[in-house]
Amino acid sequence: MSDGPRPQSVPRVVSFLVNGSSVELVDNGDSLLDVLRDELGLIGTKDGCSPQGQCGCCTVLVDGEPRVACVTPARRVAGRAVVTIEGLAPEDRAQWGSALCRTGGSQCGFCTPGIIMRLESLTLRHEAATAESVRQALLAHLCRCTGWQTIIEAWEDREVTRHHARGMPEPDSGRDLEAAAERARLEGHAVQRIAPEVGLGHGGFAADTAPAGSLRAVVDESGRWFVAETLAEARRRAGKTQGRRTTADHVWPLQVPDGDWAATLRTTWVEPAYLETDASWCEPGGEPSSPLANGGGFGAKQRKGAPWSPVMEAARLLADEHGRAVLAVASREDTVRWGPKRPPVAGGVRADGTGVLRICSTPGVAATIALVAPGLVVEEVDVVGPATSNDLRGAGWVEALVLLSGASDEVGIVTAPNGARAWAEVTPTSIRVGVRCGRTLDHAVLRSYCVGASHMAYSWVTSEALSVDGDGEVHDLTIRSFGVLRAVDTPEIEIVVEPDDGPPINGSDAVFAAVAAATWRASGRPTEWPVGLLP
């Protein structure tokens with residue numbers, strides 16, 4: 001005998017507080033990040049690793065403790081109090097935004113909302129927090145732009161305001177933010193806003209500015225796009241899986257040419273590691289938004305103005321197909337697979353500056369190298385591997401200048417193709433840099449970019465690499481597997497901006513080259529990078 005129809009299960013309802021307001025929702029397995037962004041519209045909480053729980057961009061407070069929202073099921077916060085960056089007291093938000101703007105502690109502003117929440121919790125738990133405890137707290141985060149130091153300085157700035165000003169911070173007296181934005185454009189090779197609200201997460205990112213009610217689209221490994229009302233549901237339909245960090249060692253795809261060389265060098269695949277994954281939205285019949293938003297991805301998001309990833313075209317086609325606005329979002333794994341890498345090199349140079357530099361075939365790279373190292377014969381080699389790009393910061397010409405510096409016993413001044421000049425001194429505990437690049441326009445922005453370039457160069461030489469197999473497939477797909485150097489491992493960085501009344505030009509790329517060369521020299525000039533942290 002049949003027992004009759006089984007009663008349908010009643011969906012579980014989860015209740016909790018968000019920024020002081022009660023929230024009730026059906027538990028369908030979504031993460032806290034999905035709920036905050038897609039259901040509650042709290043876009044200050046960012047998604048940088050999609051979701052791997054590794055970048056810290058989605059950090060919020062749960063009962064006063066920092067929690068990574070992307071790997072926290074919403075059901076886990078039932079009955080608890082969640083605070084996002086939007087829920088901080090207006091005074092605290094203003095202090096953080098002003099401090100980050102003054103010090104250059106935010107450039108694109110993507111990672112800083114999560115960092116603010118982490119440091120706010122540190123302040124709540126440890127009134128006597130120190131710069132060292134801040135560095136330790138930053139272990140949960142990844143920032144590619146700022147080199148960490150300006151973030152720590154922003155915390156120190158905010159501490160002064162918090163203890164002494166006891167109110168809203170005064171705006172920077174006499175600072176020309178338009179001039180600051182122009183310096184940022186020169187340094188980042190893309191339009192960028194400079195304002196206190198940028199550090200609070202309002203940089204105009206594509207995933208934040210899509211029209212209300214937009215469909216969400218994600219792509220599977222075969223290239224097929226799946227559309228749904230929420231990002232979480234689109235990911236479920238596409239069968240998206242977490243990225244992985246391989247146990248396979250990285251390899252050097254090129255061999256140093258035979259010769260009697262004063263110095264030799266070969267590098268491996270390196271990920272640009274920008275934090276904001278590619279995204280674009282489009283309305284039916286409209287033009288898709290740019291994935292560049294408030295930063296240029298170090299040249300990795302575009303090639304001669306055209307995007308590398310297919311998100312713009314996907315957003316346009318899907319919007320026309322569905323008759324609604326569509327936001328197409330790349331996962332972290334997608335950006336690694338699609339995005340261009342720095343072209344590996346292998347070369348040797350004589351003391352007179354002549355030699356051979358082999359480099360993975362990359363359109364335009366040989367001509368750029370010739371501008372700074374006319375004595376090097378450039379051999380482009382077809383290599384099975386991910387795409388490479390001459391638009392990445394200093395691609396090819398920095399390695400050429402590094403090689404030339406290694407063949408000389410004198411530490412010289414590096415001159416970039418645009419004429420900017422820089423020098424650097426590196427020890428295990430300090431990086432000292434000088435730069436000359438025309439009129440400063442804004443000291444905080446120029447210094448911030450030069451600090452960031454110093455960190456990027458030091459990190460590249462000492463610790464960054466990707467595992468790529470013989471078929472050209474990248475196997476390191478988690479954001480922590482790229483080797484970006486942590487705050488606790490980054491030396492103190494001093495930037496000396498030398499007076500120059502010439503037209504303002506990019507200076508941080510020259511700094512990138514100078515610090516890479518100085519770091520290599522300080523490590524003893526081994527042939528293969530990465531060389532490991534300096535002893």
# chains A, B, ... in the order shown; residues from 1 in each chain; ligands from 1
$ select_by_dssp --residues "stretch 219-450 of chain A" --states "strand (DSSP E or B)" --output "PyMOL selection string"
chain A and resi 219+225-228+263-266+279-282+302-303+306-307+326-329+341+345-349+355-360+376-381+388+414-415+421-426+430-436
$ residues_around --residues "stretch 392-401 of chain A" --least-positions-apart "4" --cutoff "8 Å" --atoms "only C-alpha atoms" --output "list in words"
Pro272, Phe298, Gly299, Ala300, Lys341, Arg342, Pro343, Val345, Leu357, Ile359, Val365, Ala366, Thr368, Ile369, Ala370, Val372, Ala373, Leu376, Ser405, Val414, Asp509, Phe512, Ala513 and Ala517 of chain A
$ residues_around --residues "A:Gly483" --least-positions-apart "2" --cutoff "8 Å" --atoms "only C-alpha atoms" --output "list in words"
Ser459, Ser463, Glu464, Ala465, Arg480, Ser481 and Leu485 of chain A
$ residues_around --residues "A:Gly239" --least-positions-apart "4" --cutoff "10 Å" --atoms "only C-alpha atoms" --output "list in words"
Val218, Val219, Asp220, Glu221, Phe226, Glu233, Ala234 and Arg235 of chain A
$ write_last_selection --atoms "all heavy atoms" --output "JSON list (two decimals), in the first residue's frame"
[["chain", "number", "residue", "atom", "x", "y", "z"],
["A", 218, "VAL", "N", 28.38, 33.50, -16.98],
["A", 218, "VAL", "CA", 29.72, 32.95, -16.77],
["A", 218, "VAL", "C", 29.97, 31.90, -17.85],
["A", 218, "VAL", "O", 29.04, 31.40, -18.48],
["A", 218, "VAL", "CB", 29.89, 32.33, -15.36],
["A", 218, "VAL", "CG1", 29.66, 33.35, -14.27],
["A", 218, "VAL", "CG2", 28.95, 31.14, -15.18],
["A", 219, "VAL", "N", 31.22, 31.56, -18.04],
["A", 219, "VAL", "CA", 31.61, 30.67, -19.12],
["A", 219, "VAL", "C", 32.21, 29.39, -18.55],
["A", 219, "VAL", "O", 32.88, 29.41, -17.51],
["A", 219, "VAL", "CB", 32.62, 31.38, -20.06],
["A", 219, "VAL", "CG1", 33.93, 31.69, -19.33],
["A", 219, "VAL", "CG2", 32.88, 30.59, -21.33],
["A", 220, "ASP", "N", 31.95, 28.25, -19.21],
["A", 220, "ASP", "CA", 32.59, 27.01, -18.75],
["A", 220, "ASP", "C", 33.90, 26.82, -19.50],
["A", 220, "ASP", "O", 34.30, 27.65, -20.33],
["A", 220, "ASP", "CB", 31.64, 25.82, -18.91],
["A", 220, "ASP", "CG", 31.36, 25.47, -20.38],
["A", 220, "ASP", "OD1", 31.99, 26.04, -21.29],
["A", 220, "ASP", "OD2", 30.49, 24.59, -20.61],
["A", 221, "GLU", "N", 34.58, 25.71, -19.22],
["A", 221, "GLU", "CA", 35.91, 25.50, -19.80],
["A", 221, "GLU", "C", 35.87, 25.27, -21.30],
["A", 221, "GLU", "O", 36.87, 25.42, -21.98],
["A", 221, "GLU", "CB", 36.60, 24.32, -19.10],
["A", 221, "GLU", "CG", 36.95, 24.61, -17.65],
["A", 221, "GLU", "CD", 37.85, 23.54, -17.04],
["A", 221, "GLU", "OE1", 38.51, 22.82, -17.80],
["A", 221, "GLU", "OE2", 37.87, 23.42, -15.80],
["A", 226, "PHE", "N", 26.77, 30.65, -19.81],
["A", 226, "PHE", "CA", 25.53, 30.29, -19.11],
["A", 226, "PHE", "C", 24.99, 31.54, -18.42],
["A", 226, "PHE", "O", 25.74, 32.27, -17.77],
["A", 226, "PHE", "CB", 25.79, 29.18, -18.08],
["A", 226, "PHE", "CG", 26.12, 27.85, -18.71],
["A", 226, "PHE", "CD1", 27.41, 27.59, -19.19],
["A", 226, "PHE", "CD2", 25.16, 26.87, -18.83],
["A", 226, "PHE", "CE1", 27.72, 26.37, -19.77],
["A", 226, "PHE", "CE2", 25.46, 25.64, -19.41],
["A", 226, "PHE", "CZ", 26.74, 25.39, -19.88],
["A", 233, "GLU", "N", 23.85, 31.25, -9.40],
["A", 233, "GLU", "CA", 23.10, 30.30, -10.21],
["A", 233, "GLU", "C", 23.78, 30.09, -11.56],
["A", 233, "GLU", "O", 23.83, 28.97, -12.08],
["A", 233, "GLU", "CB", 21.67, 30.80, -10.42],
["A", 233, "GLU", "CG", 20.80, 29.88, -11.28],
["A", 233, "GLU", "CD", 20.69, 28.47, -10.73],
["A", 233, "GLU", "OE1", 20.81, 28.29, -9.50],
["A", 233, "GLU", "OE2", 20.49, 27.54, -11.55],
["A", 234, "ALA", "N", 24.34, 31.15, -12.15],
["A", 234, "ALA", "CA", 25.05, 31.00, -13.42],
["A", 234, "ALA", "C", 26.26, 30.08, -13.25],
["A", 234, "ALA", "O", 26.55, 29.25, -14.12],
["A", 234, "ALA", "CB", 25.49, 32.36, -13.94],
["A", 235, "ARG", "N", 26.93, 30.21, -12.14],
["A", 235, "ARG", "CA", 28.08, 29.34, -11.88],
["A", 235, "ARG", "C", 27.64, 27.89, -11.72],
["A", 235, "ARG", "O", 28.31, 26.97, -12.18],
["A", 235, "ARG", "CB", 28.84, 29.81, -10.64],
["A", 235, "ARG", "CG", 29.71, 31.03, -10.88],
["A", 235, "ARG", "CD", 30.38, 31.49, -9.61],
["A", 235, "ARG", "NE", 31.31, 32.58, -9.87],
["A", 235, "ARG", "CZ", 31.67, 33.50, -8.99],
["A", 235, "ARG", "NH1", 31.15, 33.46, -7.77],
["A", 235, "ARG", "NH2", 32.52, 34.44, -9.31]]
$ residues_around --residues "stretch 490-494 of chain A" --least-positions-apart "5" --cutoff "12 Å" --atoms "only C-alpha atoms" --output "PyMOL selection string"
chain A and resi 131-132+135-136+138-139+146-150+152-153+423-435+447-460+462-463+484-485+511+515+519+533-534
$ atom_distance --atom1 "atom CA of A:Cys55" --atom2 "atom CA of A:Ile479"
6.9 Å
$ atom_distance --atom1 "atom CA of A:Asn390" --atom2 "atom CA of A:Pro363"
6.7 Å
$ atom_distance --atom1 "atom CA of A:Ala367" --atom2 "atom CA of A:Thr268"
21.4 Å
$ select_by_dssp --residues "stretch 83-197 of chain A" --states "alpha helix (DSSP H)" --output "PyMOL selection string"
chain A and resi 90-103+112-125+131-137+149-160+177-188
$ residues_around --residues "A:Gly286" --least-positions-apart "6" --cutoff "9 Å" --atoms "only C-alpha atoms" --output "PDB file with N, CA and C atoms, in the first residue's frame"
ATOM      1  N   ARG A 316      27.612  41.741 -25.082  1.00  0.00           N
ATOM      2  CA  ARG A 316      26.846  42.328 -26.171  1.00  0.00           C
ATOM      3  C   ARG A 316      25.910  41.301 -26.818  1.00  0.00           C
ATOM      4  N   ALA A 319      23.144  40.085 -24.325  1.00  0.00           N
ATOM      5  CA  ALA A 319      22.124  41.111 -24.085  1.00  0.00           C
ATOM      6  C   ALA A 319      21.140  41.163 -25.248  1.00  0.00           C
ATOM      7  N   ASP A 320      21.644  41.087 -26.474  1.00  0.00           N
ATOM      8  CA  ASP A 320      20.751  41.089 -27.637  1.00  0.00           C
ATOM      9  C   ASP A 320      19.890  39.828 -27.674  1.00  0.00           C
TER      10      ASP A 320
END
$ residues_around --residues "A:Asp157" --least-positions-apart "6" --cutoff "10 Å" --atoms "only C-alpha atoms" --output "PyMOL selection string"
chain A and resi 95-96+98-100+102-103+151
$ write_last_selection --atoms "all heavy atoms" --output "JSON list (two decimals), in the first residue's frame"
[["chain", "number", "residue", "atom", "x", "y", "z"],
["A", 95, "GLN", "N", 37.49, 58.73, 7.34],
["A", 95, "GLN", "CA", 38.89, 58.70, 7.77],
["A", 95, "GLN", "C", 39.70, 57.73, 6.92],
["A", 95, "GLN", "O", 40.81, 58.04, 6.49],
["A", 95, "GLN", "CB", 38.97, 58.33, 9.25],
["A", 95, "GLN", "CG", 38.48, 59.41, 10.19],
["A", 95, "GLN", "CD", 38.45, 58.96, 11.63],
["A", 95, "GLN", "OE1", 38.79, 57.80, 11.95],
["A", 95, "GLN", "NE2", 38.04, 59.85, 12.53],
["A", 96, "TRP", "N", 39.15, 56.55, 6.66],
["A", 96, "TRP", "CA", 39.86, 55.57, 5.84],
["A", 96, "TRP", "C", 40.03, 56.07, 4.41],
["A", 96, "TRP", "O", 41.11, 55.97, 3.83],
["A", 96, "TRP", "CB", 39.10, 54.25, 5.83],
["A", 96, "TRP", "CG", 39.38, 53.37, 7.01],
["A", 96, "TRP", "CD1", 38.49, 52.98, 7.97],
["A", 96, "TRP", "CD2", 40.62, 52.75, 7.34],
["A", 96, "TRP", "NE1", 39.11, 52.17, 8.89],
["A", 96, "TRP", "CE2", 40.41, 52.01, 8.53],
["A", 96, "TRP", "CE3", 41.88, 52.75, 6.77],
["A", 96, "TRP", "CZ2", 41.43, 51.26, 9.13],
["A", 96, "TRP", "CZ3", 42.90, 52.01, 7.37],
["A", 96, "TRP", "CH2", 42.67, 51.29, 8.53],
["A", 98, "SER", "N", 40.07, 59.12, 3.26],
["A", 98, "SER", "CA", 41.01, 60.24, 3.21],
["A", 98, "SER", "C", 42.44, 59.75, 3.39],
["A", 98, "SER", "O", 43.35, 60.20, 2.69],
["A", 98, "SER", "CB", 40.65, 61.25, 4.30],
["A", 98, "SER", "OG", 41.54, 62.34, 4.28],
["A", 99, "ALA", "N", 42.65, 58.82, 4.32],
["A", 99, "ALA", "CA", 44.01, 58.32, 4.58],
["A", 99, "ALA", "C", 44.56, 57.59, 3.36],
["A", 99, "ALA", "O", 45.72, 57.78, 2.98],
["A", 99, "ALA", "CB", 43.99, 57.40, 5.80],
["A", 100, "LEU", "N", 43.75, 56.76, 2.74],
["A", 100, "LEU", "CA", 44.21, 56.02, 1.57],
["A", 100, "LEU", "C", 44.49, 56.95, 0.39],
["A", 100, "LEU", "O", 45.43, 56.74, -0.38],
["A", 100, "LEU", "CB", 43.17, 54.97, 1.16],
["A", 100, "LEU", "CG", 43.07, 53.76, 2.09],
["A", 100, "LEU", "CD1", 41.76, 53.02, 1.87],
["A", 100, "LEU", "CD2", 44.25, 52.82, 1.88],
["A", 102, "ARG", "N", 45.41, 60.19, 0.66],
["A", 102, "ARG", "CA", 46.59, 61.01, 0.97],
["A", 102, "ARG", "C", 47.89, 60.25, 0.77],
["A", 102, "ARG", "O", 48.88, 60.81, 0.31],
["A", 102, "ARG", "CB", 46.51, 61.53, 2.40],
["A", 102, "ARG", "CG", 45.68, 62.77, 2.58],
["A", 102, "ARG", "CD", 46.01, 63.46, 3.90],
["A", 102, "ARG", "NE", 45.67, 62.65, 5.04],
["A", 102, "ARG", "CZ", 44.53, 62.70, 5.69],
["A", 102, "ARG", "NH1", 43.58, 63.53, 5.27],
["A", 102, "ARG", "NH2", 44.28, 61.94, 6.73],
["A", 103, "THR", "N", 47.91, 58.98, 1.14],
["A", 103, "THR", "CA", 49.16, 58.21, 1.09],
["A", 103, "THR", "C", 49.36, 57.47, -0.22],
["A", 103, "THR", "O", 50.45, 56.96, -0.48],
["A", 103, "THR", "CB", 49.19, 57.17, 2.22],
["A", 103, "THR", "OG1", 48.15, 56.21, 2.01],
["A", 103, "THR", "CG2", 49.03, 57.82, 3.59],
["A", 151, "ILE", "N", 49.71, 51.23, 2.11],
["A", 151, "ILE", "CA", 48.55, 50.80, 2.89],
["A", 151, "ILE", "C", 48.86, 50.89, 4.38],
["A", 151, "ILE", "O", 48.04, 51.37, 5.18],
["A", 151, "ILE", "CB", 48.15, 49.36, 2.52],
["A", 151, "ILE", "CG1", 47.58, 49.33, 1.10],
["A", 151, "ILE", "CG2", 47.13, 48.80, 3.51],
["A", 151, "ILE", "CD1", 47.28, 47.94, 0.58]]
$ closest_atom_pairs --of "stretch 54-86 of chain A" --to "stretch 194-211 of chain A" --cutoff "12 Å" --atoms "only C-alpha atoms" --output "JSON lines"
{"residue": "A:Cys57", "atom": "CA", "partner": "A:Gly201", "partner_atom": "CA", "distance": 10.0}
{"residue": "A:Cys58", "atom": "CA", "partner": "A:Gly201", "partner_atom": "CA", "distance": 11.0}
{"residue": "A:Thr84", "atom": "CA", "partner": "A:Leu200", "partner_atom": "CA", "distance": 10.9}
{"residue": "A:Ile85", "atom": "CA", "partner": "A:Leu200", "partner_atom": "CA", "distance": 7.4}
{"residue": "A:Glu86", "atom": "CA", "partner": "A:Leu200", "partner_atom": "CA", "distance": 8.6}
